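Structure, as structure tokens:
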Amino acid sequence: MALSQDGARLATGSGNTIKIWNVQSETVLQSWSVPGDQINELSLNPSSSMLAVSTWHTALNVWNVRTGEKLFERKCVPSSVQFSPDGTILACGLLDRLELLDTKTWETIQTIPSVANSPALDIAFSKDGEIMVIGKDPANTKSEIELFDVQLPGRASGSSRAQPPTSERTSTETALYFSHLEDEVLIPTLKDDTDALTIEVWLQRDSTHLEAHSQILGSEAYASIYSNAYSALDFQMPDTGGEDGPRKGQHDLVGVGQPVHIAGVRDPANGELRLYYDGKLIQTSKGQIKRGKGTFQICSYEYQWKGGTGNSSFSGWIDEVRISKSVRYQSDFTPQRRFEQDDQTTALYHFDAGNGDTLKDSSGNGHDGKIIGAKWVKADDQPKISHAELSKLFELEFSQNAYVEVPTLKLNREGPITIEAFVTWEGSPSESLLVGVDGGFSLRVHSKDHAFVRWDADAKHLAMLKVLQLGERHHFTGVYTGEKILVFVDGKLVNTINNSSVRMSDASFKMGENFIGKLGPVRVSSVARYETDFTPAQRMQPDKDTLALYHFDQGTGDTLKDSSGNGYDGKIVGAKWVKQEAGQSLPNEPKLEFPGGLEFDGDDVVNIDSLEFDPTKPFTLEAAFSWEYKQGVTNQAVFAGRDVNPRASNAGIKFAPFSYNHTGLRIGEVSIDAGKIPEKHERVHLALVHTGQELLAFRDGKLVGRKPTTGKNLGPGTGRFLIGKSMIGRYEMLRFSTKARYEKDFDPKTRFATDKDTLALYHFDEGTGDILKDSSGNGHDGKIIGAKWVPVGGVTKVSDRSVTESDSKKRKFESGEWIDVIPLIDPEQDRWAVPGLTGANGWRIEKDELFVKIEDGKPCKLVFPVDIESKSIEWDVEFTRTNGKQGFNLDIPHTKGPCPVMFDYVYPGQAAITAVPPLTGACTFQTSQRSTIRLLVRHSDGADEIEAWFNKKSLGTWSGKRSEIGRVAEEGYPIGRRSGLWVPGGDFVFHRIRLKMLNGGTATALRATP
């Protein structure tokens, strides 16, 4: 076995089979067989990109870990192999000697003769690579261990060897720490105004999470060092083509737990963009070279992808940035740990200030930056959590008589305070003190599953809240601002009380008193850190406002270490150290996709008796739903508003398909045409906004109409509020706000959030019962009458609108340009579930591969998120059937119903075009054999020609009209201009799915692309 330096990858050898494992998920990333005899020893280089393999009595081989490609082979009898710490040398032990090989040229650069023909059984290098230790068989030599000075050409014996760049930092150095989406540095005077460009940065991430499509350093979203679709650090400029950048699994851990130098070079002379990690060339893209349009920014809020978890796309520190008007690097290089200024330097930032909101430009060109949100920190205070170390985090488990006491920490100061803690509550016999002091400010729980904040000895506390779920891990926070007390659970404000008098106690600070459950981490601050909703940091950071910080990462002993530097260590009494689950997240994090919704059938409704508002004042009523046509019903309405005459005084959203097939939005006697009614099953977001003077209508974030409301009858402020009256379709979310949220085009949220302006909020995710829960906290729950909950798996509709990316994130592909489909797929959104026909639909994505598993004997369907405008298309599919005996279908778009090309399914061992008899060539899938399918559809003058290949051998050609062979099935056909997969039986792994438009046709990816 061989473990990577960061602990994220493991290479194993058994017999003559090699496997590369993801340590955390315990899944196999790559597997291949090596020729020859049994595997003897393995060694991974520091970047885990190369694997050296010695086989008994046969050969030394070096392989590319990601592709399985052989990089080097030597016929010999190796006894051991080992890469040097910097990866430049491979040491190979042979019977009569030990050789050091240059890993760039694979030439022998040093030979060490063996003593008494005793081979090296084991090899190890010192950390600096200067000394090599060899272990030998004591039966064949007098010495079991031998030490050697590693001498390379051009280096005298005993002299120091050139070292790789150090990432060590002195305790006096400072950096900017970015931990929220809003943290950024703006540089308004620095423009991208030269063709040649080098941008480089030293950074360190403290999280393995990196949201895709978010800027780190550059002049606009795609003229930057940024995170690509594979959540790896990349470099891109506008409209520059080329291969995909680094992928997740290969480079997704770069910069986690240790500093890394990232450099992007724009080389107009060669028409290239080049990306370097720690001075090593990672990626080259060729194409048209263009400048960015905006000004340079660091972690710009404007260029962050906001459709993800809500966490910052980059969480960690940055401490060196340099922007140059030249091509600094043509090949691999050694990065400077502290950048130097020269005549090619446009801007230089050393991050030395340590305070203030100005990032000083040390180039002398005056391009100072404006710091917003990001915090100054000392380098040594920053966490160095690697991917492997996530599994080593601990908590303290408390029983009724256990506690932690911090006798030196007193909360007897005046002014604001924040106490926050991660807590898993298993229950308590009575009131329990989680974190804080007796007779003063503290977080507490009660035996009746309530949580609250107490602020003095007279039992004054906030109203008890049922907000902590037993057995679930929550982030619980109490804040005193000096004027009011705020309570947050998982970053959401759940209660507020005005109080300018909070007693500060001299009692000792305690944790877990009379508490049953787990705690950790905990932070106490001398400021009011939060006044609005926020995203809790999984690892809290110390700063100048931190009184005490407990990471709970010792895992042993009876002392709880304070990481703030203030020395408030705690004494552990009775509590036990337990491991925190690796990658454990908050239970109430916002979901990215919808689990289902409420389906209405024309006579169903939700009544909300308590919801009242003044329609003459500003408000926003917005909803996401899908409409469904029902035969025999001609006068339908998707309705959310008052239960009164809709033509006279309706204050809500209304569909009017009887009115020239258009959508109408109305408040009182003012109505706006919002365009054609949606397609059947099409998901749409509608928003009705009243500014106080105007009514605005938005459809999928686009302003579609506006009308004045001054002097108009806008209807009453009272009366029953309804959802779903006369509607046939499905509701997914609805929010009513007491302000005009939108006045120009916007990107609709995938999940509405609550704030101070939210009057009512419905996520439609309960999944059971007859109550529609108001998630705003205002108590406007609704009574469900007739409508049915639709869970995941029961959703029968798939449409282009189910993909919620904004148009700015979608990419149009021209004729002849390959579309890599798998990175675009969301298995939950793109599966095609047909009640009574399809089964569990076990689709999933792992490491850029698409897996499907038939779990209940029923078929699985999936639709590709690509809008295909062209009728001439080419498919390229690489796959492995891992279980079963059946094949699969590829669906051709632009037909009335499914038009499948069947491979080894209806006609075993053959391929067929829908119901047309088999094509001429054999097409027999072999289980566990990697295979390829190529499908070509040519369209000309109303006729089609369909040709297929299996493993590069032609299966024959069919000619005719595809419109005549599409099957109009009872299940309803949702694809339209999209292709898809149908797997009737068997388990498959799809390694690659690509589409290419032909004959001048185009296509649009319905999700963000690399």
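Please note that chains go A, B, ... in the order of the structure tokens, that every chain numbers its residues from 1, and that ligands are numbered from 1 in the order shown.
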Extract, using only C-alpha atoms, all DNA, RNA and protein residues at most 12 Å from Gly777 in chain A, discarding same-chain residues fewer than 4 positions from it, and format them as a PDB file with N, CA, C and O atoms, in the first residue's frame.
ATOM      1  N   LEU A 465     -38.187  27.912  23.050  1.00  0.00           N
ATOM      2  CA  LEU A 465     -38.352  27.644  21.629  1.00  0.00           C
ATOM      3  C   LEU A 465     -38.108  26.177  21.346  1.00  0.00           C
ATOM      4  O   LEU A 465     -37.104  25.617  21.782  1.00  0.00           O
ATOM      5  N   LYS A 466     -39.007  25.562  20.595  1.00  0.00           N
ATOM      6  CA  LYS A 466     -38.777  24.183  20.158  1.00  0.00           C
ATOM      7  C   LYS A 466     -37.952  24.227  18.880  1.00  0.00           C
ATOM      8  O   LYS A 466     -38.474  24.079  17.787  1.00  0.00           O
ATOM      9  N   VAL A 467     -36.667  24.423  19.052  1.00  0.00           N
ATOM     10  CA  VAL A 467     -35.834  24.619  17.871  1.00  0.00           C
ATOM     11  C   VAL A 467     -34.672  23.637  17.784  1.00  0.00           C
ATOM     12  O   VAL A 467     -34.051  23.529  16.738  1.00  0.00           O
ATOM     13  N   LYS A 492     -30.002  30.951  11.755  1.00  0.00           N
ATOM     14  CA  LYS A 492     -31.282  31.604  11.505  1.00  0.00           C
ATOM     15  C   LYS A 492     -31.771  32.291  12.786  1.00  0.00           C
ATOM     16  O   LYS A 492     -31.795  31.687  13.859  1.00  0.00           O
ATOM     17  N   LEU A 493     -32.153  33.563  12.655  1.00  0.00           N
ATOM     18  CA  LEU A 493     -32.678  34.307  13.800  1.00  0.00           C
ATOM     19  C   LEU A 493     -34.049  33.756  14.162  1.00  0.00           C
ATOM     20  O   LEU A 493     -34.980  33.795  13.361  1.00  0.00           O
ATOM     21  N   VAL A 494     -34.175  33.218  15.404  1.00  0.00           N
ATOM     22  CA  VAL A 494     -35.431  32.590  15.809  1.00  0.00           C
ATOM     23  C   VAL A 494     -36.169  33.372  16.885  1.00  0.00           C
ATOM     24  O   VAL A 494     -37.344  33.107  17.135  1.00  0.00           O
ATOM     25  N   ASN A 495     -35.492  34.337  17.545  1.00  0.00           N
ATOM     26  CA  ASN A 495     -36.207  35.141  18.528  1.00  0.00           C
ATOM     27  C   ASN A 495     -35.399  36.387  18.886  1.00  0.00           C
ATOM     28  O   ASN A 495     -34.170  36.382  18.807  1.00  0.00           O
ATOM     29  N   THR A 496     -36.122  37.434  19.262  1.00  0.00           N
ATOM     30  CA  THR A 496     -35.514  38.715  19.645  1.00  0.00           C
ATOM     31  C   THR A 496     -36.300  39.288  20.816  1.00  0.00           C
ATOM     32  O   THR A 496     -37.535  39.189  20.855  1.00  0.00           O
ATOM     33  N   ALA A 753     -35.588  32.255   1.343  1.00  0.00           N
ATOM     34  CA  ALA A 753     -35.152  32.388   2.739  1.00  0.00           C
ATOM     35  C   ALA A 753     -36.030  33.416   3.436  1.00  0.00           C
ATOM     36  O   ALA A 753     -36.629  34.287   2.809  1.00  0.00           O
ATOM     37  N   THR A 754     -36.096  33.324   4.762  1.00  0.00           N
ATOM     38  CA  THR A 754     -36.876  34.279   5.530  1.00  0.00           C
ATOM     39  C   THR A 754     -35.988  35.407   6.042  1.00  0.00           C
ATOM     40  O   THR A 754     -34.795  35.220   6.247  1.00  0.00           O
ATOM     41  N   ASP A 755     -36.568  36.578   6.201  1.00  0.00           N
ATOM     42  CA  ASP A 755     -35.875  37.720   6.785  1.00  0.00           C
ATOM     43  C   ASP A 755     -36.928  38.609   7.449  1.00  0.00           C
ATOM     44  O   ASP A 755     -38.099  38.243   7.559  1.00  0.00           O
ATOM     45  N   LYS A 756     -36.504  39.806   7.867  1.00  0.00           N
ATOM     46  CA  LYS A 756     -37.413  40.697   8.603  1.00  0.00           C
ATOM     47  C   LYS A 756     -38.581  41.187   7.758  1.00  0.00           C
ATOM     48  O   LYS A 756     -39.601  41.651   8.298  1.00  0.00           O
ATOM     49  N   ASP A 757     -38.459  41.102   6.426  1.00  0.00           N
ATOM     50  CA  ASP A 757     -39.525  41.581   5.546  1.00  0.00           C
ATOM     51  C   ASP A 757     -40.458  40.462   5.096  1.00  0.00           C
ATOM     52  O   ASP A 757     -41.373  40.700   4.306  1.00  0.00           O
ATOM     53  N   THR A 758     -40.222  39.238   5.574  1.00  0.00           N
ATOM     54  CA  THR A 758     -41.048  38.101   5.173  1.00  0.00           C
ATOM     55  C   THR A 758     -42.287  38.010   6.054  1.00  0.00           C
ATOM     56  O   THR A 758     -42.182  37.877   7.272  1.00  0.00           O
ATOM     57  N   LEU A 759     -43.454  38.088   5.439  1.00  0.00           N
ATOM     58  CA  LEU A 759     -44.709  37.947   6.176  1.00  0.00           C
ATOM     59  C   LEU A 759     -45.120  36.484   6.274  1.00  0.00           C
ATOM     60  O   LEU A 759     -45.593  36.031   7.314  1.00  0.00           O
ATOM     61  N   ALA A 760     -44.914  35.729   5.190  1.00  0.00           N
ATOM     62  CA  ALA A 760     -45.234  34.302   5.195  1.00  0.00           C
ATOM     63  C   ALA A 760     -44.332  33.602   4.193  1.00  0.00           C
ATOM     64  O   ALA A 760     -43.997  34.166   3.148  1.00  0.00           O
ATOM     65  N   LEU A 761     -43.938  32.358   4.519  1.00  0.00           N
ATOM     66  CA  LEU A 761     -43.028  31.594   3.665  1.00  0.00           C
ATOM     67  C   LEU A 761     -43.418  30.123   3.724  1.00  0.00           C
ATOM     68  O   LEU A 761     -43.525  29.542   4.809  1.00  0.00           O
ATOM     69  N   TYR A 762     -43.617  29.525   2.554  1.00  0.00           N
ATOM     70  CA  TYR A 762     -44.026  28.128   2.476  1.00  0.00           C
ATOM     71  C   TYR A 762     -43.062  27.384   1.549  1.00  0.00           C
ATOM     72  O   TYR A 762     -42.934  27.716   0.365  1.00  0.00           O
ATOM     73  N   LYS A 773     -46.870  24.418   6.584  1.00  0.00           N
ATOM     74  CA  LYS A 773     -46.125  25.133   7.601  1.00  0.00           C
ATOM     75  C   LYS A 773     -45.589  26.463   7.072  1.00  0.00           C
ATOM     76  O   LYS A 773     -44.981  26.524   6.014  1.00  0.00           O
ATOM     77  N   ASP A 781     -49.756  29.405   9.357  1.00  0.00           N
ATOM     78  CA  ASP A 781     -49.893  28.068   8.802  1.00  0.00           C
ATOM     79  C   ASP A 781     -51.189  27.950   8.015  1.00  0.00           C
ATOM     80  O   ASP A 781     -52.181  28.625   8.308  1.00  0.00           O
TER      81      ASP A 781
END
Note to self: Based on the backbone DSSP call, show me all residues of range 673-899 of chain A assigned strand (DSSP E or B), as JSON, numbers by chain.
What the structure shows: {"A": [673, 674, 675, 676, 683, 684, 685, 686, 687, 688, 689, 690, 694, 695, 696, 697, 698, 699, 702, 703, 704, 705, 706, 707, 708, 721, 722, 723, 728, 729, 730, 731, 732, 733, 734, 735, 736, 737, 758, 759, 760, 761, 762, 771, 772, 782, 783, 784, 785, 788, 789, 790, 811, 812, 813, 818, 819, 820, 831, 842, 843, 844, 845, 846, 849, 850, 851, 852, 853, 860, 861, 862, 863, 866, 867, 868, 873, 874, 875, 876, 877, 878, 879, 880, 881, 882, 883, 888, 889, 890, 891]}
Margin query: List as an NGL selection string the protein and nucleic acid residues near Asp941 in chain A, meaning an atom at most 12 Å away when only C-alpha atoms are counted, but skip any in the same chain fewer than 5 places from it.
Written below: :A and (871-872 or 960-961)
Can you write out the residues you just picked, keeping all heavy atoms, as a PDB file, in the first residue's frame?
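Output below, filename out-v9.pdb:
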ATOM      1  N   LYS A 871     -31.070  19.134 -35.454  1.00  0.00           N
ATOM      2  CA  LYS A 871     -31.633  17.816 -35.738  1.00  0.00           C
ATOM      3  C   LYS A 871     -30.573  16.836 -36.229  1.00  0.00           C
ATOM      4  O   LYS A 871     -30.860  15.657 -36.431  1.00  0.00           O
ATOM      5  CB  LYS A 871     -32.759  17.923 -36.756  1.00  0.00           C
ATOM      6  CG  LYS A 871     -34.011  18.603 -36.211  1.00  0.00           C
ATOM      7  CD  LYS A 871     -35.174  18.495 -37.169  1.00  0.00           C
ATOM      8  CE  LYS A 871     -36.450  19.090 -36.555  1.00  0.00           C
ATOM      9  NZ  LYS A 871     -37.605  18.956 -37.466  1.00  0.00           N
ATOM     10  N   SER A 872     -29.344  17.330 -36.424  1.00  0.00           N
ATOM     11  CA  SER A 872     -28.219  16.471 -36.788  1.00  0.00           C
ATOM     12  C   SER A 872     -27.269  16.426 -35.606  1.00  0.00           C
ATOM     13  O   SER A 872     -26.709  17.454 -35.212  1.00  0.00           O
ATOM     14  CB  SER A 872     -27.506  17.007 -38.039  1.00  0.00           C
ATOM     15  OG  SER A 872     -28.366  16.992 -39.155  1.00  0.00           O
ATOM     16  N   GLY A 960     -35.017   7.090 -42.987  1.00  0.00           N
ATOM     17  CA  GLY A 960     -36.456   7.304 -42.926  1.00  0.00           C
ATOM     18  C   GLY A 960     -36.763   8.612 -42.239  1.00  0.00           C
ATOM     19  O   GLY A 960     -35.920   9.521 -42.171  1.00  0.00           O
ATOM     20  N   LYS A 961     -37.968   8.764 -41.709  1.00  0.00           N
ATOM     21  CA  LYS A 961     -38.371   9.961 -40.986  1.00  0.00           C
ATOM     22  C   LYS A 961     -38.558   9.615 -39.509  1.00  0.00           C
ATOM     23  O   LYS A 961     -39.358   8.754 -39.163  1.00  0.00           O
ATOM     24  CB  LYS A 961     -39.675  10.520 -41.547  1.00  0.00           C
ATOM     25  CG  LYS A 961     -39.553  11.088 -42.958  1.00  0.00           C
ATOM     26  CD  LYS A 961     -40.862  11.709 -43.403  1.00  0.00           C
ATOM     27  CE  LYS A 961     -40.727  12.317 -44.796  1.00  0.00           C
ATOM     28  NZ  LYS A 961     -41.996  12.949 -45.238  1.00  0.00           N
TER      29      LYS A 961
END
Check: Can you tell me, as a PyMOL selection string, what residues are no more than 7 Å from His780 in chain A when counting only C-alpha atoms, ignoring any on the same chain fewer than 5 positions away?
Finding: chain A and resi 608+610-611+760+774
Item checked: Exercise: Thr108 in chain A partners within 12 Å, only C-alpha atoms, chain neighbours under 4 positions left out, as a ChimeraX atom specification -> /A:74,89-92,97-104,112,152-153
Just the selected residues (C-alpha atoms), exported as a PDB file, in the first residue's frame, please.
ATOM      1  CA  ARG A  74      12.327  -0.764 -16.967  1.00  0.00           C
ATOM      2  CA  ILE A  89      13.760  11.674  -7.612  1.00  0.00           C
ATOM      3  CA  LEU A  90      12.609   8.054  -7.685  1.00  0.00           C
ATOM      4  CA  ALA A  91      14.862   5.690  -5.745  1.00  0.00           C
ATOM      5  CA  CYS A  92      14.826   2.082  -6.980  1.00  0.00           C
ATOM      6  CA  ARG A  97      22.778  -1.479  -6.576  1.00  0.00           C
ATOM      7  CA  LEU A  98      20.399   1.354  -5.809  1.00  0.00           C
ATOM      8  CA  GLU A  99      19.626   3.898  -8.546  1.00  0.00           C
ATOM      9  CA  LEU A 100      18.222   7.425  -8.294  1.00  0.00           C
ATOM     10  CA  LEU A 101      16.101   8.366 -11.335  1.00  0.00           C
ATOM     11  CA  ASP A 102      15.181  11.865 -12.529  1.00  0.00           C
ATOM     12  CA  THR A 103      11.346  11.860 -12.659  1.00  0.00           C
ATOM     13  CA  LYS A 104      11.297  14.241 -15.636  1.00  0.00           C
ATOM     14  CA  ILE A 112      24.930   3.465  -5.096  1.00  0.00           C
ATOM     15  CA  LEU A 152      23.154  15.138  -7.563  1.00  0.00           C
ATOM     16  CA  PRO A 153      24.995  16.531 -10.598  1.00  0.00           C
TER      17      PRO A 153
END
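Counting only C-alpha atoms, the residue from A:Ile784, A:Cys860, A:Ala421, A:Phe988 that sits nearest to Thr880 in chain A is A:Phe988.
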Next item on the list: Give me the residues within 10 Å of Gln82 in chain A as a ChimeraX atom specification, counting only C-alpha atoms and dropping any in the same chain fewer than 2 places off.
Entry: /A:2,41-45,51-53,80,84-85,87,89-93,100,122-125
Checklist line | For Ser954 in chain A: contacts at 12 Å, only C-alpha atoms, fewer than 2 positions along chain excluded, given as a ChimeraX atom specification | finding: /A:910-911,919-923,932-936,946-952,956-958
With C-alpha atoms retained, could you export that selection as a PDB file, in the first residue's frame?
ATOM      1  CA  GLN A 910     -28.122  -6.367 -31.691  1.00  0.00           C
ATOM      2  CA  ALA A 911     -29.059  -2.716 -32.027  1.00  0.00           C
ATOM      3  CA  LEU A 919     -29.342  -3.221 -37.571  1.00  0.00           C
ATOM      4  CA  THR A 920     -26.856  -5.569 -39.194  1.00  0.00           C
ATOM      5  CA  GLY A 921     -23.897  -5.465 -36.771  1.00  0.00           C
ATOM      6  CA  ALA A 922     -23.470  -7.414 -33.532  1.00  0.00           C
ATOM      7  CA  CYS A 923     -23.806  -5.460 -30.265  1.00  0.00           C
ATOM      8  CA  THR A 932     -18.101   2.561 -26.421  1.00  0.00           C
ATOM      9  CA  ILE A 933     -21.200   3.494 -28.404  1.00  0.00           C
ATOM     10  CA  ARG A 934     -21.188   6.063 -31.195  1.00  0.00           C
ATOM     11  CA  LEU A 935     -24.512   7.233 -32.627  1.00  0.00           C
ATOM     12  CA  LEU A 936     -24.834   9.594 -35.582  1.00  0.00           C
ATOM     13  CA  ILE A 946     -29.219   7.019 -38.276  1.00  0.00           C
ATOM     14  CA  GLU A 947     -25.934   5.137 -38.023  1.00  0.00           C
ATOM     15  CA  ALA A 948     -24.406   3.404 -34.987  1.00  0.00           C
ATOM     16  CA  TRP A 949     -21.066   1.885 -33.946  1.00  0.00           C
ATOM     17  CA  PHE A 950     -20.182  -0.458 -31.062  1.00  0.00           C
ATOM     18  CA  ASN A 951     -16.518  -0.538 -29.999  1.00  0.00           C
ATOM     19  CA  LYS A 952     -15.638   1.225 -33.270  1.00  0.00           C
ATOM     20  CA  GLY A 956     -25.390  -0.455 -39.799  1.00  0.00           C
ATOM     21  CA  THR A 957     -27.536   2.454 -41.021  1.00  0.00           C
ATOM     22  CA  TRP A 958     -31.259   3.226 -40.980  1.00  0.00           C
TER      23      TRP A 958
END
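Note that CA of Thr17 in chain A and CA of Val34 in chain A are 6.3 Å apart.
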Next item on the list: Using CA of Phe813 in chain A and CA of Ala232 in chain A as the two end points, give the distance in Å to one decimal.
Entry: 22.8 Å
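Of the residues under consideration (A:Ala697, A:Leu1006, A:Met132, A:Ala223), A:Met132 shows the shortest atom-to-atom contact distance to Phe148 in chain A when counting only C-alpha atoms.
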Notebook entry, point to check: Taking into account only C-alpha atoms, which residue in the set A:Ser224, A:Ser815, A:Ser940, A:Asn22 is nearest to Glu846 in chain A?
Noted result: A:Asn22
